[in-house]
$ cat coords19.txt   # compact mmCIF, C-alpha atoms
# COMPACT_ATOMS: atom_id res chain seq x y z
CA MET A 681 0.00 0.00 0.00
CA GLU A 682 1.24 3.48 -0.91
CA HIS A 683 -0.97 5.83 1.11
CA ILE A 684 -1.70 3.65 4.15
CA VAL A 685 0.97 2.28 6.51
CA LEU A 686 -0.08 -0.69 8.62
CA SER A 687 2.10 -1.95 11.45
CA TYR A 688 1.79 -4.25 14.43
CA LYS A 689 3.38 -4.25 17.87
CA GLU A 690 2.32 -7.09 20.10
CA ARG A 691 -1.49 -6.77 20.47
CA VAL A 692 -1.76 -3.32 18.88
CA ALA A 693 -2.22 -2.50 15.19
CA THR A 694 -1.52 1.03 13.93
CA ILE A 695 -3.05 2.38 10.72
CA GLU A 696 -1.36 5.55 9.50
CA LEU A 697 -2.81 7.80 6.80
CA ASN A 698 0.13 8.58 4.56
CA ARG A 699 -0.47 11.48 2.17
CA PRO A 700 1.22 14.15 4.31
CA ASP A 701 1.73 16.56 1.40
CA ALA A 702 -2.06 16.67 0.99
CA LEU A 703 -2.81 16.73 4.74
CA ASN A 704 -3.89 13.09 4.29
CA ALA A 705 -6.88 14.04 2.15
CA LEU A 706 -8.66 10.87 1.05
CA ASN A 707 -8.56 10.14 -2.69
CA GLU A 708 -9.90 6.99 -4.37
CA GLN A 709 -6.66 5.03 -4.03
CA MET A 710 -6.25 5.94 -0.37
CA LEU A 711 -9.86 4.99 0.42
CA ALA A 712 -9.38 1.59 -1.23
CA GLU A 713 -6.14 1.04 0.70
CA LEU A 714 -7.77 2.08 3.98
CA LEU A 715 -10.54 -0.47 3.48
CA GLN A 716 -7.92 -3.10 2.63
CA ALA A 717 -6.00 -2.29 5.83
CA LEU A 718 -9.15 -2.49 7.97
CA LYS A 719 -10.02 -5.89 6.48
CA GLU A 720 -6.50 -7.14 7.21
CA VAL A 721 -6.63 -5.87 10.79
CA GLU A 722 -10.02 -7.52 11.21
CA ARG A 723 -8.38 -10.90 10.50
CA SER A 724 -5.35 -10.21 12.69
CA GLU A 725 -4.72 -11.14 16.33
CA ALA A 726 -4.52 -7.49 17.39
CA ASP A 727 -6.91 -6.40 20.15
CA ILE A 728 -6.48 -2.64 19.75
CA VAL A 729 -6.26 -0.48 16.62
CA VAL A 730 -4.86 3.06 16.57
CA ILE A 731 -5.68 5.24 13.57
CA ARG A 732 -3.57 8.34 13.02
CA GLY A 733 -2.13 10.56 10.32
CA ARG A 734 1.43 11.27 9.22
CA GLY A 735 2.69 14.80 8.74
CA LYS A 736 0.98 17.94 10.01
CA GLY A 737 -2.59 16.69 10.30
CA PHE A 738 -4.90 13.74 10.84
CA CYS A 739 -7.02 14.09 7.70
CA ALA A 740 -8.28 17.12 5.79
CA GLY A 741 -11.28 15.12 4.48
CA GLY A 742 -12.10 14.02 0.96
CA ASP A 743 -9.70 15.17 -1.75
CA ILE A 744 -11.30 18.16 -3.52
CA LYS A 745 -9.30 17.47 -6.69
CA THR A 746 -10.71 13.94 -6.78
CA MET A 747 -14.18 15.39 -6.27
CA LEU A 748 -13.74 17.70 -9.26
CA GLN A 749 -12.52 14.87 -11.46
CA SER A 750 -15.33 12.50 -10.42
CA THR A 751 -18.20 14.16 -12.27
CA ASN A 752 -19.12 10.74 -13.65
CA GLU A 753 -22.06 9.33 -11.70
CA HIS A 754 -20.67 5.79 -11.78
CA SER A 755 -17.35 6.93 -10.26
CA PHE A 756 -19.22 8.83 -7.56
CA ILE A 757 -21.25 5.75 -6.61
CA GLU A 758 -18.09 3.62 -6.50
CA VAL A 759 -16.37 6.08 -4.16
CA MET A 760 -19.42 6.31 -1.89
CA GLU A 761 -19.64 2.50 -1.82
CA THR A 762 -16.04 2.30 -0.61
CA ILE A 763 -16.73 4.96 2.01
CA LYS A 764 -19.78 2.98 3.14
CA HIS A 765 -17.73 -0.19 3.62
CA ILE A 766 -15.01 1.72 5.51
CA ALA A 767 -17.55 3.17 7.95
CA LEU A 768 -19.30 -0.16 8.50
CA THR A 769 -16.07 -2.12 8.87
CA LEU A 770 -14.50 0.36 11.29
CA TYR A 771 -17.60 0.70 13.44
CA GLN A 772 -18.15 -3.07 13.65
CA LEU A 773 -14.48 -4.01 13.94
CA PRO A 774 -14.07 -6.70 16.65
CA LYS A 775 -11.21 -4.68 18.15
CA LEU A 776 -11.07 -1.62 20.38
CA THR A 777 -10.24 1.45 18.30
CA ILE A 778 -8.55 4.77 19.05
CA SER A 779 -8.25 7.73 16.70
CA TYR A 780 -5.47 10.22 17.42
CA VAL A 781 -6.22 13.63 15.95
CA HIS A 782 -3.35 16.05 15.54
CA GLY A 783 -3.72 19.10 13.35
CA ALA A 784 -6.74 19.06 11.05
CA ALA A 785 -9.59 16.56 11.12
CA ALA A 786 -12.23 17.85 8.74
CA GLY A 787 -15.22 16.52 6.83
CA LEU A 788 -14.78 12.85 5.98
CA GLY A 789 -11.63 12.86 8.13
CA LEU A 790 -13.71 13.80 11.17
CA SER A 791 -16.30 11.12 10.32
CA LEU A 792 -13.44 8.61 10.29
CA ALA A 793 -12.15 9.77 13.67
CA LEU A 794 -15.62 9.69 15.25
CA ALA A 795 -16.19 6.12 14.07
CA CYS A 796 -13.59 4.96 16.60
CA ASP A 797 -14.34 3.94 20.18
CA HIS A 798 -12.12 6.61 21.74
CA VAL A 799 -11.01 9.92 20.23
CA ILE A 800 -7.83 11.58 21.51
CA ALA A 801 -6.76 14.97 20.16
CA ASN A 802 -3.66 16.98 20.90
CA GLU A 803 -3.86 20.63 21.91
CA GLN A 804 -3.08 21.82 18.38
CA ALA A 805 -5.95 19.85 16.81
CA ARG A 806 -8.60 21.63 14.79
CA VAL A 807 -11.78 19.80 13.85
CA ALA A 808 -14.70 20.71 11.60
CA MET A 809 -17.66 19.00 9.95
CA ASN A 810 -17.31 21.49 7.13
CA PHE A 811 -19.23 19.97 4.21
CA ILE A 812 -21.64 22.92 4.40
CA GLY A 813 -18.91 25.21 3.06
CA ILE A 814 -19.17 23.55 -0.35
CA GLY A 815 -22.93 22.96 -0.27
CA LEU A 816 -22.75 19.28 0.72
CA ILE A 817 -23.80 17.13 3.67
CA PRO A 818 -21.61 14.89 5.84
CA ASP A 819 -20.84 11.40 4.57
CA GLY A 820 -18.90 8.43 5.88
CA GLY A 821 -21.64 7.98 8.46
CA GLY A 822 -21.01 11.48 9.80
CA HIS A 823 -24.67 12.00 10.73
CA PHE A 824 -24.76 8.70 12.62
CA PHE A 825 -21.46 9.18 14.46
CA LEU A 826 -22.22 12.78 15.42
CA LYS A 827 -25.64 11.89 16.79
CA ARG A 828 -24.14 8.95 18.69
CA LYS A 829 -21.71 11.26 20.49
CA ILE A 830 -23.54 14.55 20.98
CA GLY A 831 -27.23 14.05 20.12
CA GLU A 832 -29.39 15.25 17.24
CA VAL A 833 -29.78 18.93 18.13
CA LYS A 834 -26.07 19.57 18.69
CA SER A 835 -25.24 17.50 15.60
CA LYS A 836 -27.37 19.77 13.42
CA GLN A 837 -25.67 22.82 14.92
CA VAL A 838 -22.19 21.41 14.22
CA ILE A 839 -23.14 20.45 10.65
CA TRP A 840 -24.93 23.68 9.78
CA GLU A 841 -22.26 25.96 11.27
CA GLY A 842 -19.33 24.07 9.77
CA LYS A 843 -17.22 25.82 12.38
CA VAL A 844 -13.54 25.01 12.89
CA MET A 845 -13.18 24.09 16.56
CA SER A 846 -10.11 23.95 18.75
CA ALA A 847 -9.39 20.77 20.68
CA GLN A 848 -10.82 22.38 23.82
CA GLU A 849 -14.01 23.47 22.04
CA ALA A 850 -14.45 20.00 20.51
CA TYR A 851 -13.89 18.43 23.93
CA GLU A 852 -16.50 20.67 25.56
CA VAL A 853 -19.05 19.84 22.84
CA GLY A 854 -18.29 16.12 23.27
CA LEU A 855 -16.74 15.36 19.89
CA ILE A 856 -13.47 14.18 21.39
CA ASP A 857 -12.99 12.13 24.53
CA GLU A 858 -9.59 13.28 25.69
CA ILE A 859 -6.97 15.96 25.03
CA GLY A 860 -3.48 14.52 25.12
CA ASP A 861 -0.39 13.41 23.26
CA GLU A 862 1.57 10.30 22.35
CA GLN A 863 1.84 9.37 26.02
CA THR A 864 -1.95 9.61 26.38
CA ILE A 865 -2.40 7.07 23.57
CA GLN A 866 -0.03 4.65 25.28
CA GLN A 867 -1.76 5.13 28.62
CA LYS A 868 -5.14 4.28 27.07
CA VAL A 869 -3.67 1.26 25.29
CA ASN A 870 -2.06 0.02 28.53
CA GLU A 871 -5.30 0.58 30.44
CA TRP A 872 -7.31 -1.48 27.95
CA LEU A 873 -4.71 -4.25 27.67
CA ALA A 874 -4.85 -4.69 31.46
CA LYS A 875 -8.60 -5.34 31.31
CA PRO A 876 -10.61 -8.39 30.17
CA ILE A 877 -10.59 -7.05 26.63
CA VAL A 878 -12.61 -9.96 25.21
CA ALA A 879 -15.55 -8.84 27.35
CA MET A 880 -15.07 -5.22 26.26
CA ILE A 881 -15.11 -6.25 22.60
CA ALA A 882 -18.26 -8.31 23.21
CA THR A 883 -20.01 -5.20 24.56
CA LYS A 884 -18.84 -3.22 21.53
CA GLN A 885 -20.16 -5.88 19.15
CA LEU A 886 -23.49 -6.02 20.96
CA TYR A 887 -24.00 -2.28 20.47
CA ALA A 888 -22.74 -2.51 16.88
CA HIS A 889 -25.26 -5.25 16.04
CA LEU A 890 -28.08 -3.21 17.57
CA SER A 891 -27.11 -0.13 15.52
CA GLU A 892 -26.01 -1.81 12.29
CA GLU A 893 -29.28 -1.27 10.44
CA GLN A 894 -29.42 2.40 11.43
CA LEU A 895 -25.82 3.03 10.32
CA LEU A 896 -26.39 1.26 7.00
CA LYS A 897 -29.57 3.28 6.36
CA THR A 898 -27.71 6.48 7.25
CA LEU A 899 -24.92 5.66 4.78
CA GLN A 900 -27.42 4.88 2.02
CA MET A 901 -29.30 8.12 2.63
CA GLU A 902 -26.05 10.12 2.73
CA THR A 903 -25.18 8.74 -0.72
CA ALA A 904 -28.62 9.65 -2.10
CA TYR A 905 -28.65 13.16 -0.64
CA GLN A 906 -25.01 13.78 -1.56
CA ALA A 907 -25.83 12.93 -5.18
CA GLU A 908 -28.62 15.53 -5.10
CA MET A 909 -26.43 18.17 -3.47
CA ARG A 910 -23.73 17.72 -6.12
CA LYS A 911 -26.24 18.98 -8.70
CA THR A 912 -27.10 22.21 -6.86
CA GLU A 913 -25.97 25.73 -7.76
CA ASP A 914 -24.80 26.18 -4.18
CA HIS A 915 -22.38 23.27 -4.49
CA ALA A 916 -20.95 24.64 -7.73
CA GLU A 917 -20.52 28.03 -6.06
CA GLY A 918 -18.91 26.44 -3.00
CA ILE A 919 -16.34 24.68 -5.18
CA ARG A 920 -15.61 27.85 -7.17
CA ALA A 921 -15.17 29.85 -3.97
CA PHE A 922 -12.87 27.17 -2.54
CA LEU A 923 -10.65 27.21 -5.64
CA GLU A 924 -10.67 31.01 -5.80
CA LYS A 925 -10.01 31.27 -2.04
CA ARG A 926 -12.96 33.55 -1.32
CA ARG A 927 -16.21 33.46 0.63
CA PRO A 928 -19.01 31.67 -1.24
CA HIS A 929 -22.22 33.49 -2.15
CA PHE A 930 -24.97 30.91 -1.70
CA ARG A 931 -28.48 31.41 -3.09
CA GLY A 932 -30.27 28.40 -1.66
CA LYS A 933 -30.57 26.70 -5.06
$ encode --input "coords19.txt" --output "structure tokens"
Amino acid sequence: MEHIVLSYKERVATIELNRPDALNALNEQMLAELLQALKEVERSEADIVVIRGRGKGFCAGGDIKTMLQSTNEHSFIEVMETIKHIALTLYQLPKLTISYVHGAAAGLGLSLALACDHVIANEQARVAMNFIGIGLIPDGGGHFFLKRKIGEVKSKQVIWEGKVMSAQEAYEVGLIDEIGDEQTIQQKVNEWLAKPIVAMIATKQLYAHLSEEQLLKTLQMETAYQAEMRKTEDHAEGIRAFLEKRRPHFRGK
């Protein structure tokens, strides 16, 4: 794999997003490799999985350049299908999962982080569910994972505002579970490894089975709505404004 680095140390697997020059923005190849890594980890003997990014940030979200190139409806559906399988696999993974957010975690990158059992962010982290800035809605199960952590009302506020939050702000809202550093990750890993982790995983799987249908329906609806949003004037304006580095002028169309 070129854009995903998978490593093991005793009972811990680490998945690193490896497109540092693009702030680990997720293109088609990287998404496919991420799904491949998750499937491999699922079959491994690891009990804990840590997901993190290389370079200056965790993940800036979906790659805008890829989005511009994927005007073909078939390509769009293929990408969304891969995203669906990533979200389902990660959420249902029979391992305990930690996401470590340093720097930016935005859009699809934030959905990925929130899909994990425990979210740790360092003090320099900045997070945003910022699809609204280009006239889109969250995907990757973003609606499901946000509601799971902070409830429906706060989820709508976070999505509609698209605000970039500091680690402290995200912690106060409830998006992240802990502010820390490399040592904090190791402390959490050691804490879990000292517990009857098989029982912990059983509890995780119980909740995952109960919620599986809701997550799947959410992912299907996100694909349908995202396809509609891609056809709007507001989305076209959002993309133009992003490329021209200016504020968008939305018209609600």
$ atom_distance --input "coords19.txt" --atom1 "atom CA of Pro700 of chain A" --atom2 "atom CA of Glu803 of chain A"
19.4 Å
$ atom_distance --input "coords19.txt" --atom1 "atom CA of Asp727 of chain A" --atom2 "atom CA of Lys775 of chain A"
5.0 Å
$ atom_distance --input "coords19.txt" --atom1 "atom CA of Ile757 of chain A" --atom2 "atom CA of Gly820 of chain A"
13.0 Å
$ closest_atom_pairs --input "coords19.txt" --of "segment 772-847 of chain A" --to "segment 690-693 of chain A" --cutoff "12 Å" --atoms "all atoms listed in the file" --output "CSV"
residue,atom,partner,partner_atom,distance
A:Lys775,CA,A:Val692,CA,9.6
A:Leu776,CA,A:Val692,CA,9.6
A:Thr777,CA,A:Ala693,CA,9.5
A:Ile778,CA,A:Ala693,CA,10.4
A:Ser779,CA,A:Ala693,CA,12.0
$ residues_around --input "coords19.txt" --residues "Arg910 of chain A" --least-positions-apart "2" --cutoff "12 Å" --atoms "all atoms listed in the file" --output "list in words"
Met747, Leu748, Ser750, Thr751, Asn752, Glu753, Phe756, Phe811, Ile812, Ile814, Gly815, Leu816, Ile817, Glu902, Thr903, Ala904, Tyr905, Gln906, Ala907, Glu908, Thr912, Glu913, Asp914, His915, Ala916, Glu917, Gly918, Ile919 and Lys933 of chain A
$ closest_residue --input "coords19.txt" --among "A:Thr694, A:Ser755, A:Gln837, A:Ser891" --to "Ile865 of chain A" --atoms "only C-alpha atoms"
A:Thr694
$ decode --input "coords19.txt" --residues "segment 874-888 of chain A" --atoms "N, CA and C atoms" --output "mmCIF file, in the first residue's frame"
data_model
loop_
_atom_site.group_PDB
_atom_site.id
_atom_site.type_symbol
_atom_site.label_atom_id
_atom_site.label_comp_id
_atom_site.auth_asym_id
_atom_site.auth_seq_id
_atom_site.Cartn_x
_atom_site.Cartn_y
_atom_site.Cartn_z
ATOM 1 N N ALA A 874 -4.836 -4.133 30.105
ATOM 2 C CA ALA A 874 -4.846 -4.688 31.457
ATOM 3 C C ALA A 874 -6.237 -5.163 31.872
ATOM 4 N N LYS A 875 -7.226 -4.962 31.007
ATOM 5 C CA LYS A 875 -8.603 -5.338 31.314
ATOM 6 C C LYS A 875 -8.989 -6.612 30.557
ATOM 7 N N PRO A 876 -10.115 -7.229 30.935
ATOM 8 C CA PRO A 876 -10.608 -8.391 30.170
ATOM 9 C C PRO A 876 -11.164 -7.916 28.827
ATOM 10 N N ILE A 877 -10.266 -7.738 27.882
ATOM 11 C CA ILE A 877 -10.592 -7.049 26.631
ATOM 12 C C ILE A 877 -11.591 -7.833 25.783
ATOM 13 N N VAL A 878 -11.626 -9.151 25.949
ATOM 14 C CA VAL A 878 -12.609 -9.959 25.206
ATOM 15 C C VAL A 878 -14.027 -9.537 25.597
ATOM 16 N N ALA A 879 -14.236 -9.285 26.877
ATOM 17 C CA ALA A 879 -15.552 -8.842 27.353
ATOM 18 C C ALA A 879 -15.867 -7.444 26.839
ATOM 19 N N MET A 880 -14.858 -6.581 26.784
ATOM 20 C CA MET A 880 -15.066 -5.225 26.265
ATOM 21 C C MET A 880 -15.470 -5.263 24.796
ATOM 22 N N ILE A 881 -14.790 -6.121 24.028
ATOM 23 C CA ILE A 881 -15.112 -6.246 22.605
ATOM 24 C C ILE A 881 -16.513 -6.824 22.416
ATOM 25 N N ALA A 882 -16.914 -7.733 23.301
ATOM 26 C CA ALA A 882 -18.261 -8.308 23.215
ATOM 27 C C ALA A 882 -19.318 -7.225 23.402
ATOM 28 N N THR A 883 -19.085 -6.319 24.360
ATOM 29 C CA THR A 883 -20.012 -5.200 24.562
ATOM 30 C C THR A 883 -20.056 -4.312 23.320
ATOM 31 N N LYS A 884 -18.888 -4.040 22.746
ATOM 32 C CA LYS A 884 -18.839 -3.223 21.528
ATOM 33 C C LYS A 884 -19.645 -3.875 20.410
ATOM 34 N N GLN A 885 -19.457 -5.183 20.226
ATOM 35 C CA GLN A 885 -20.155 -5.884 19.152
ATOM 36 C C GLN A 885 -21.661 -5.919 19.392
ATOM 37 N N LEU A 886 -22.066 -6.036 20.650
ATOM 38 C CA LEU A 886 -23.494 -6.017 20.964
ATOM 39 C C LEU A 886 -24.118 -4.698 20.501
ATOM 40 N N TYR A 887 -23.478 -3.581 20.882
ATOM 41 C CA TYR A 887 -24.002 -2.276 20.468
ATOM 42 C C TYR A 887 -23.948 -2.119 18.948
ATOM 43 N N ALA A 888 -22.878 -2.625 18.335
ATOM 44 C CA ALA A 888 -22.743 -2.510 16.880
ATOM 45 C C ALA A 888 -23.851 -3.271 16.168
#
